[in-house]
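Before any comments, here is the structure.
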Amino acid sequence: MRILAVETSAGPASCAVVEDGRVIASSYNNTAQTHSQTLMPMVEAMLEQAALTVADMDRLVVSAGPGSFTGVRIGVAALKGLAFTENKPCVGVSTLAAIARNAEGVGFEGVVCAAMDARCRQVYTACFLAEGGKIRRLSADEAISTDELKTRLAAYNKPIFLVGDGARLCYNEFCGEIDSLLLAPEHLRFQTAVGVAREAQEASTVTAEELQPLYLRLPQAERELRARQQLQG
């Protein structure tokens, strides 16, 4: 199966073509430019260099959230546009599950905790069991406080491998209070399109029209508006 994947849920953007688990081509951009400026030129250049087109893909996949509201919307919208052109099936995967895929095949046995900084001492997080070189989900994607996450991780009584852009934050806060807490090295810590493709290999597909972002909470502007309305009401 040949997969075209894109990842725009945080600051960096990336794209990749993965065939039966093997990376055929990939591209990564972590500049100050917005994803709306960089993503499509990056995808087009990668496909051209690999002598491939969207028509050659079996499915198109995207990191559908959680993450930056703007970033996720850009990635989903871009993938929809590509899929509509060739009527390709789509998959939207959890950003947290895609990050956890970084721990596959590295020899770690224990709990992989994917954590993304959601600000205000909150994280987007989910936990996975790494065993025998495979990853299995232990908990659903959630937006919770770092204090609540610390309590949950302590209860596992297993080595904990922290990944995601909130991993350093959690490591600094939990270190000394949770035994066997490990911070993933930087090259394994962050989401990439390769992890998105790996997470999507066995997932169910949807049409481009059905593909939607996966948000765990409302955008900040909408949360602030509702708070004002409650005070006024």
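The way I read the labels, and the way they are meant: chains A, B, ... in the order of the structure tokens, residue 1 as the first residue of every chain, and ligand 1 as the first ligand shown, with later ones counted on from there.
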
Extract the full set of helix (DSSP H, G or I) residues from stretch 186-215 of chain A according to DSSP on the backbone, and format it as a VMD selection string. chain A and resid 186 to 189 193 to 200

Please identify every residue of stretch 86-185 of chain A that has at least one atom no farther than 12 Å from an atom of stretch 2-22 of chain A, counting only C-alpha atoms, and for each give the shortest atom pair and the distance in Å to one decimal, arranged by chain then increasing number, as JSON lines.
```
{"residue": "A:Lys88", "atom": "CA", "partner": "A:Leu4", "partner_atom": "CA", "distance": 10.6}
{"residue": "A:Pro89", "atom": "CA", "partner": "A:Ile3", "partner_atom": "CA", "distance": 10.3}
{"residue": "A:Cys90", "atom": "CA", "partner": "A:Leu4", "partner_atom": "CA", "distance": 9.7}
{"residue": "A:Val91", "atom": "CA", "partner": "A:Ala5", "partner_atom": "CA", "distance": 9.2}
{"residue": "A:Gly92", "atom": "CA", "partner": "A:Ala5", "partner_atom": "CA", "distance": 9.7}
{"residue": "A:Val93", "atom": "CA", "partner": "A:Glu7", "partner_atom": "CA", "distance": 10.1}
{"residue": "A:Ser94", "atom": "CA", "partner": "A:Ser9", "partner_atom": "CA", "distance": 10.1}
{"residue": "A:Thr95", "atom": "CA", "partner": "A:Ser9", "partner_atom": "CA", "distance": 7.2}
{"residue": "A:Leu96", "atom": "CA", "partner": "A:Ser9", "partner_atom": "CA", "distance": 10.2}
{"residue": "A:Ala98", "atom": "CA", "partner": "A:Glu7", "partner_atom": "CA", "distance": 9.6}
{"residue": "A:Ile99", "atom": "CA", "partner": "A:Glu7", "partner_atom": "CA", "distance": 10.7}
{"residue": "A:Arg101", "atom": "CA", "partner": "A:Gly21", "partner_atom": "CA", "distance": 11.8}
{"residue": "A:Glu104", "atom": "CA", "partner": "A:Gly21", "partner_atom": "CA", "distance": 11.9}
{"residue": "A:Met116", "atom": "CA", "partner": "A:Ala10", "partner_atom": "CA", "distance": 9.1}
{"residue": "A:Asp117", "atom": "CA", "partner": "A:Ala10", "partner_atom": "CA", "distance": 10.0}
{"residue": "A:Ala118", "atom": "CA", "partner": "A:Ala10", "partner_atom": "CA", "distance": 11.0}
{"residue": "A:Tyr124", "atom": "CA", "partner": "A:Ser9", "partner_atom": "CA", "distance": 12.0}
{"residue": "A:Gly164", "atom": "CA", "partner": "A:Ala10", "partner_atom": "CA", "distance": 10.1}
{"residue": "A:Asp165", "atom": "CA", "partner": "A:Ala10", "partner_atom": "CA", "distance": 8.6}
{"residue": "A:Gly166", "atom": "CA", "partner": "A:Ala10", "partner_atom": "CA", "distance": 11.4}
```

Just N, CA and C atoms for this one: save the residues we selected as a compact mmCIF listing (two decimals), in the first residue's frame.
```txt
# COMPACT_ATOMS: atom_id res chain seq x y z
N LYS A 88 -9.50 10.06 -4.20
CA LYS A 88 -8.73 9.12 -3.40
C LYS A 88 -9.33 8.97 -1.99
N PRO A 89 -9.28 7.77 -1.41
CA PRO A 89 -9.73 7.60 -0.03
C PRO A 89 -8.79 8.31 0.93
N CYS A 90 -9.35 8.76 2.05
CA CYS A 90 -8.59 9.55 3.02
C CYS A 90 -8.64 8.90 4.40
N VAL A 91 -7.66 9.25 5.21
CA VAL A 91 -7.63 8.85 6.62
C VAL A 91 -7.17 10.04 7.44
N GLY A 92 -7.87 10.35 8.51
CA GLY A 92 -7.42 11.33 9.48
C GLY A 92 -7.02 10.60 10.75
N VAL A 93 -5.77 10.74 11.17
CA VAL A 93 -5.30 10.01 12.34
C VAL A 93 -5.04 10.95 13.51
N SER A 94 -5.01 10.38 14.69
CA SER A 94 -4.67 11.12 15.90
C SER A 94 -3.21 11.57 15.85
N THR A 95 -2.99 12.84 16.10
CA THR A 95 -1.62 13.34 16.19
C THR A 95 -0.84 12.60 17.27
N LEU A 96 -1.49 12.33 18.40
CA LEU A 96 -0.83 11.68 19.52
C LEU A 96 -0.43 10.24 19.17
N ALA A 98 0.20 9.17 16.17
CA ALA A 98 1.29 9.26 15.20
C ALA A 98 2.62 9.52 15.89
N ILE A 99 2.62 10.36 16.93
CA ILE A 99 3.85 10.61 17.67
C ILE A 99 4.32 9.34 18.37
N ARG A 101 4.12 6.41 17.46
CA ARG A 101 4.75 5.48 16.51
C ARG A 101 6.27 5.65 16.48
N GLU A 104 8.21 2.81 18.11
CA GLU A 104 8.23 1.46 17.56
C GLU A 104 9.63 1.07 17.10
N MET A 116 1.29 16.87 24.16
CA MET A 116 1.46 18.12 23.44
C MET A 116 1.05 19.27 24.35
N ASP A 117 1.84 20.31 24.36
CA ASP A 117 1.58 21.47 25.22
C ASP A 117 0.32 22.20 24.75
N ALA A 118 -0.71 22.20 25.60
CA ALA A 118 -1.98 22.88 25.29
C ALA A 118 -2.09 24.21 26.03
N TYR A 124 -2.49 18.00 25.70
CA TYR A 124 -3.21 16.99 24.95
C TYR A 124 -2.40 15.71 25.12
N GLY A 164 6.51 14.00 22.18
CA GLY A 164 5.66 15.14 21.88
C GLY A 164 6.28 16.45 22.30
N ASP A 165 5.70 17.56 21.83
CA ASP A 165 6.29 18.86 22.15
C ASP A 165 6.05 19.27 23.60
N GLY A 166 5.22 18.50 24.32
CA GLY A 166 5.03 18.73 25.75
C GLY A 166 5.85 17.78 26.61
```

DSSP on the backbone: what in stretch 75-200 of chain A comes out strand (DSSP E), as a ChimeraX atom specification? /A:90-94,110-119,122-131,134-137,142-145,160-163,181-183

What lies within 10 Å of A:Leu188 using only C-alpha atoms, ignoring chain neighbours under 4 positions off, as a ChimeraX atom specification? /A:99-103,106,162-164,183-184,192

Expected file: the selected residues, N, CA, C and O atoms, as a compact mmCIF listing (two decimals), in the first residue's frame:
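File written: again37.txt
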```txt
# COMPACT_ATOMS: atom_id res chain seq x y z
N ILE A 99 2.62 10.36 16.93
CA ILE A 99 3.85 10.61 17.67
C ILE A 99 4.32 9.34 18.37
O ILE A 99 5.51 9.02 18.39
N ALA A 100 3.39 8.59 18.93
CA ALA A 100 3.74 7.36 19.65
C ALA A 100 4.42 6.35 18.74
O ALA A 100 5.21 5.52 19.21
N ARG A 101 4.12 6.41 17.46
CA ARG A 101 4.75 5.48 16.51
C ARG A 101 6.27 5.65 16.48
O ARG A 101 6.99 4.74 16.04
N ASN A 102 6.78 6.79 16.94
CA ASN A 102 8.22 7.00 16.97
C ASN A 102 8.93 6.00 17.88
O ASN A 102 10.14 5.77 17.74
N ALA A 103 8.19 5.42 18.83
CA ALA A 103 8.79 4.49 19.78
C ALA A 103 8.81 3.05 19.27
O ALA A 103 9.37 2.17 19.93
N VAL A 106 12.43 0.68 18.68
CA VAL A 106 13.63 1.26 19.30
C VAL A 106 14.06 0.48 20.54
O VAL A 106 15.02 0.86 21.21
N LEU A 162 8.45 9.58 27.33
CA LEU A 162 7.71 10.79 26.99
C LEU A 162 8.06 11.27 25.58
O LEU A 162 9.24 11.46 25.26
N VAL A 163 7.03 11.49 24.76
CA VAL A 163 7.21 12.02 23.42
C VAL A 163 6.25 13.18 23.21
O VAL A 163 5.29 13.35 23.95
N GLY A 164 6.51 14.00 22.18
CA GLY A 164 5.66 15.14 21.88
C GLY A 164 6.28 16.45 22.30
O GLY A 164 7.26 16.48 23.06
N LEU A 183 12.90 10.77 28.79
CA LEU A 183 12.57 11.77 27.78
C LEU A 183 13.12 11.29 26.45
O LEU A 183 14.32 11.04 26.31
N ALA A 184 12.25 11.17 25.45
CA ALA A 184 12.69 10.72 24.14
C ALA A 184 13.73 11.67 23.57
O ALA A 184 13.62 12.90 23.75
N THR A 192 5.80 13.55 12.85
CA THR A 192 6.24 13.65 11.46
C THR A 192 5.22 12.95 10.57
O THR A 192 4.44 12.12 11.05
```

Could you name the residues that touch A:Lys158 at 8 Å or less, counting only C-alpha atoms, but leaving out those on the same chain fewer than 6 positions away, as a list in words?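 These residues fall inside the cut-off: Gly110, Val111 and Ser180 of chain A.
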
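Nearest residue to A:Glu86, choosing from A:Leu211, A:Ile160, A:Val54, A:Val206 and counting only C-alpha atoms: A:Val54.
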
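The neighbours of A:Leu153 here are the residues that come within 10 Å of it, using only C-alpha atoms and leaving out any residue fewer than 4 positions away in the same chain; they are A:Val111, A:Val112, A:Cys113, A:Cys127, A:Glu148, A:Leu149, A:Asn157, A:Lys158, A:Pro159, A:Ile160, A:Phe174, A:Ile178, A:Asp179, A:Leu181.
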